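Trainee: Submitted below is the structure of interest, expressed as structure tokens.
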Amino acid sequence: MDGPRAPVILCVDDDKVTMRGLERALVNNGYSVLTAASAAQALTTLQHAKPDLILLDAIIPDMDGYEICRRVRSNPALANVPVIFVTAQEEGEDTNRALSLGAVDYLIK
């Protein structure tokens, strides 16, 4: 008989070093990890999988994380998935923007 499934976390970041570090830390702590290095890849992944949590960088080349968060919140199938920004953006206005779009937290790298 199978045990409980590991929580699934989608990590969205275009920085390979950051992505590898996050993925390694999460897998080592029992999480299943999906990764996306671009907004397009993240949105495609979200069409096929409903993660338990999304870790999202604010600055991604093809679309910023704020727009991804907005799209997640506007999708009824994903609206309740927690989004945490993990980013180098340190301005208070960035934090406020993320939280106003429905992110549950904003962590600075």
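Residues are named by chain letter and number: chains run A, B, ... in the order of the structure tokens, numbers start at 1 in each chain, and ligands are numbered from 1 in the order shown.
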Can you list, as a ChimeraX atom specification, every residue of chain A that DSSP puts in alpha helix (DSSP H)?

Mentor: /A:16-28,39-48,65-74,92-100

Trainee: Tell me, as an MDAnalysis selection string, which residues lie within 10 Å of stretch 102-104 of chain A, counting only C-alpha atoms; anything in the same chain fewer than 3 positions away does not count.

Mentor: chainID A and resid 54:56 66 69:70 72:73 79:85 95:99

Trainee: How would the residues just chosen look if you wrote them out with N, CA and C atoms as a CSV table (one decimal), in the first residue's frame?

Mentor:
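Printed below is result-v3.csv as written:
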```csv
chain,number,residue,atom,x,y,z
A,54,ILE,N,3.5,27.3,-4.7
A,54,ILE,CA,4.3,27.8,-5.8
A,54,ILE,C,5.3,28.8,-5.2
A,55,LEU,N,6.6,28.6,-5.4
A,55,LEU,CA,7.7,29.5,-5.1
A,55,LEU,C,8.1,30.2,-6.3
A,56,LEU,N,8.0,31.5,-6.3
A,56,LEU,CA,8.0,32.3,-7.5
A,56,LEU,C,9.0,33.5,-7.4
A,66,TYR,N,4.8,38.8,-10.9
A,66,TYR,CA,3.5,39.4,-10.5
A,66,TYR,C,2.4,39.0,-11.5
A,69,CYS,N,1.5,35.4,-10.8
A,69,CYS,CA,0.6,35.3,-9.6
A,69,CYS,C,-0.8,35.7,-9.9
A,70,ARG,N,-0.9,36.8,-10.7
A,70,ARG,CA,-2.3,37.3,-11.1
A,70,ARG,C,-3.0,36.2,-11.8
A,72,VAL,N,-2.5,32.9,-11.8
A,72,VAL,CA,-2.8,31.8,-10.9
A,72,VAL,C,-4.1,32.2,-10.0
A,73,ARG,N,-4.1,33.4,-9.5
A,73,ARG,CA,-5.2,33.8,-8.7
A,73,ARG,C,-6.5,33.9,-9.5
A,79,ALA,N,-6.7,29.0,-7.7
A,79,ALA,CA,-6.9,30.2,-6.9
A,79,ALA,C,-6.5,30.0,-5.5
A,80,ASN,N,-6.6,28.7,-4.9
A,80,ASN,CA,-6.3,28.5,-3.5
A,80,ASN,C,-4.8,28.0,-3.3
A,81,VAL,N,-4.1,27.8,-4.4
A,81,VAL,CA,-2.7,27.4,-4.2
A,81,VAL,C,-1.9,28.5,-3.7
A,82,PRO,N,-1.2,28.3,-2.5
A,82,PRO,CA,-0.4,29.4,-1.9
A,82,PRO,C,0.8,29.8,-2.9
A,83,VAL,N,1.1,31.1,-3.0
A,83,VAL,CA,2.2,31.6,-3.8
A,83,VAL,C,3.1,32.3,-2.8
A,84,ILE,N,4.4,31.9,-2.8
A,84,ILE,CA,5.4,32.7,-2.0
A,84,ILE,C,6.4,33.2,-3.0
A,85,PHE,N,6.6,34.5,-3.0
A,85,PHE,CA,7.7,35.1,-3.8
A,85,PHE,C,9.0,34.9,-3.1
A,95,THR,N,7.0,44.1,-2.3
A,95,THR,CA,6.4,43.2,-1.3
A,95,THR,C,4.9,43.5,-1.3
A,96,ASN,N,4.5,44.8,-1.2
A,96,ASN,CA,3.1,45.2,-1.2
A,96,ASN,C,2.4,44.7,-2.5
A,97,ARG,N,3.1,44.9,-3.6
A,97,ARG,CA,2.4,44.5,-4.9
A,97,ARG,C,2.2,43.0,-4.9
A,98,ALA,N,3.2,42.2,-4.5
A,98,ALA,CA,3.0,40.7,-4.4
A,98,ALA,C,1.8,40.3,-3.5
A,99,LEU,N,1.8,40.9,-2.3
A,99,LEU,CA,0.8,40.5,-1.4
A,99,LEU,C,-0.6,41.0,-1.8
```

Trainee: Can you pull out every residue within 10 Å of A:Ile68, counting only C-alpha atoms, but drop anything in the same chain fewer than 5 positions away, and send it as a PDB file with N, CA, C and O atoms, in the first residue's frame?

Mentor:
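As a result, around27.pdb now contains:
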```pdb
ATOM      1  N   VAL A  12       9.646  28.466  -9.616  1.00  0.00           N
ATOM      2  CA  VAL A  12       9.778  29.221 -10.854  1.00  0.00           C
ATOM      3  C   VAL A  12      10.889  30.251 -10.677  1.00  0.00           C
ATOM      4  O   VAL A  12      10.756  31.205  -9.913  1.00  0.00           O
ATOM      5  N   ALA A  39       8.319  31.939 -17.457  1.00  0.00           N
ATOM      6  CA  ALA A  39       6.881  32.066 -17.212  1.00  0.00           C
ATOM      7  C   ALA A  39       6.102  31.114 -18.110  1.00  0.00           C
ATOM      8  O   ALA A  39       5.161  30.462 -17.665  1.00  0.00           O
ATOM      9  N   ALA A  40       6.505  31.023 -19.372  1.00  0.00           N
ATOM     10  CA  ALA A  40       5.808  30.133 -20.302  1.00  0.00           C
ATOM     11  C   ALA A  40       5.849  28.693 -19.798  1.00  0.00           C
ATOM     12  O   ALA A  40       4.839  27.975 -19.822  1.00  0.00           O
ATOM     13  N   ALA A  42       6.270  27.728 -16.694  1.00  0.00           N
ATOM     14  CA  ALA A  42       5.456  27.652 -15.476  1.00  0.00           C
ATOM     15  C   ALA A  42       3.978  27.534 -15.814  1.00  0.00           C
ATOM     16  O   ALA A  42       3.259  26.693 -15.257  1.00  0.00           O
ATOM     17  N   LEU A  43       3.510  28.359 -16.738  1.00  0.00           N
ATOM     18  CA  LEU A  43       2.092  28.332 -17.103  1.00  0.00           C
ATOM     19  C   LEU A  43       1.716  27.019 -17.773  1.00  0.00           C
ATOM     20  O   LEU A  43       0.620  26.484 -17.548  1.00  0.00           O
ATOM     21  N   LEU A  56       7.982  31.541  -6.306  1.00  0.00           N
ATOM     22  CA  LEU A  56       8.001  32.331  -7.530  1.00  0.00           C
ATOM     23  C   LEU A  56       8.965  33.507  -7.437  1.00  0.00           C
ATOM     24  O   LEU A  56       8.898  34.298  -6.494  1.00  0.00           O
ATOM     25  N   ASP A  57       9.852  33.612  -8.419  1.00  0.00           N
ATOM     26  CA  ASP A  57      10.729  34.778  -8.521  1.00  0.00           C
ATOM     27  C   ASP A  57       9.924  35.931  -9.122  1.00  0.00           C
ATOM     28  O   ASP A  57       9.040  35.714  -9.954  1.00  0.00           O
ATOM     29  N   ALA A  58      10.216  37.138  -8.704  1.00  0.00           N
ATOM     30  CA  ALA A  58       9.498  38.305  -9.231  1.00  0.00           C
ATOM     31  C   ALA A  58       9.975  38.676 -10.629  1.00  0.00           C
ATOM     32  O   ALA A  58       9.194  39.142 -11.456  1.00  0.00           O
ATOM     33  N   ILE A  60      11.432  37.473 -14.062  1.00  0.00           N
ATOM     34  CA  ILE A  60      11.644  36.372 -14.997  1.00  0.00           C
ATOM     35  C   ILE A  60      11.607  36.998 -16.391  1.00  0.00           C
ATOM     36  O   ILE A  60      10.749  37.833 -16.659  1.00  0.00           O
ATOM     37  N   MET A  63       8.067  37.146 -18.574  1.00  0.00           N
ATOM     38  CA  MET A  63       6.885  37.708 -17.919  1.00  0.00           C
ATOM     39  C   MET A  63       7.233  37.802 -16.439  1.00  0.00           C
ATOM     40  O   MET A  63       7.814  36.873 -15.890  1.00  0.00           O
ATOM     41  N   ARG A  73      -4.107  33.364  -9.491  1.00  0.00           N
ATOM     42  CA  ARG A  73      -5.250  33.773  -8.674  1.00  0.00           C
ATOM     43  C   ARG A  73      -6.543  33.858  -9.480  1.00  0.00           C
ATOM     44  O   ARG A  73      -7.612  33.645  -8.939  1.00  0.00           O
ATOM     45  N   SER A  74      -6.457  34.159 -10.761  1.00  0.00           N
ATOM     46  CA  SER A  74      -7.669  34.289 -11.579  1.00  0.00           C
ATOM     47  C   SER A  74      -8.150  32.950 -12.139  1.00  0.00           C
ATOM     48  O   SER A  74      -9.222  32.883 -12.722  1.00  0.00           O
ATOM     49  N   VAL A  83       1.057  31.053  -2.981  1.00  0.00           N
ATOM     50  CA  VAL A  83       2.195  31.554  -3.750  1.00  0.00           C
ATOM     51  C   VAL A  83       3.097  32.325  -2.800  1.00  0.00           C
ATOM     52  O   VAL A  83       2.643  33.221  -2.088  1.00  0.00           O
ATOM     53  N   LEU A 101      -1.585  41.020  -4.807  1.00  0.00           N
ATOM     54  CA  LEU A 101      -1.998  40.106  -5.870  1.00  0.00           C
ATOM     55  C   LEU A 101      -2.381  38.722  -5.333  1.00  0.00           C
ATOM     56  O   LEU A 101      -2.790  37.857  -6.093  1.00  0.00           O
TER      57      LEU A 101
END
```

Trainee: May I have the residues within 12 Å of A:Val33 as number ranges by chain, using only C-alpha atoms and disregarding those fewer than 5 positions away in the same chain?

Mentor: A: 6-12, 19-28, 45, 49-55

Trainee: Between atom CA of A:Arg71 and atom CA of A:Leu46, what is the spacing in Å?

Mentor: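 So the answer is 10.4 Å.
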
Trainee: For each of A:Asn29, A:Ser100, A:Glu90, A:Gln47, take the minimum atom-to-atom distance to A:Leu78, counting only C-alpha atoms, then give the residue where this is smallest.

Mentor: A:Gln47

Trainee: Calculate how many Å separate atom CA of A:Ser32 from atom CA of A:Asp62, rounding to one decimal.

Mentor: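 Between these atoms lies a distance of 25.4 Å.
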
Trainee: Could you tell me how far atom CA of A:Pro61 sits from atom CA of A:Asp14, in Å to one decimal place?

Mentor: 7.7 Å
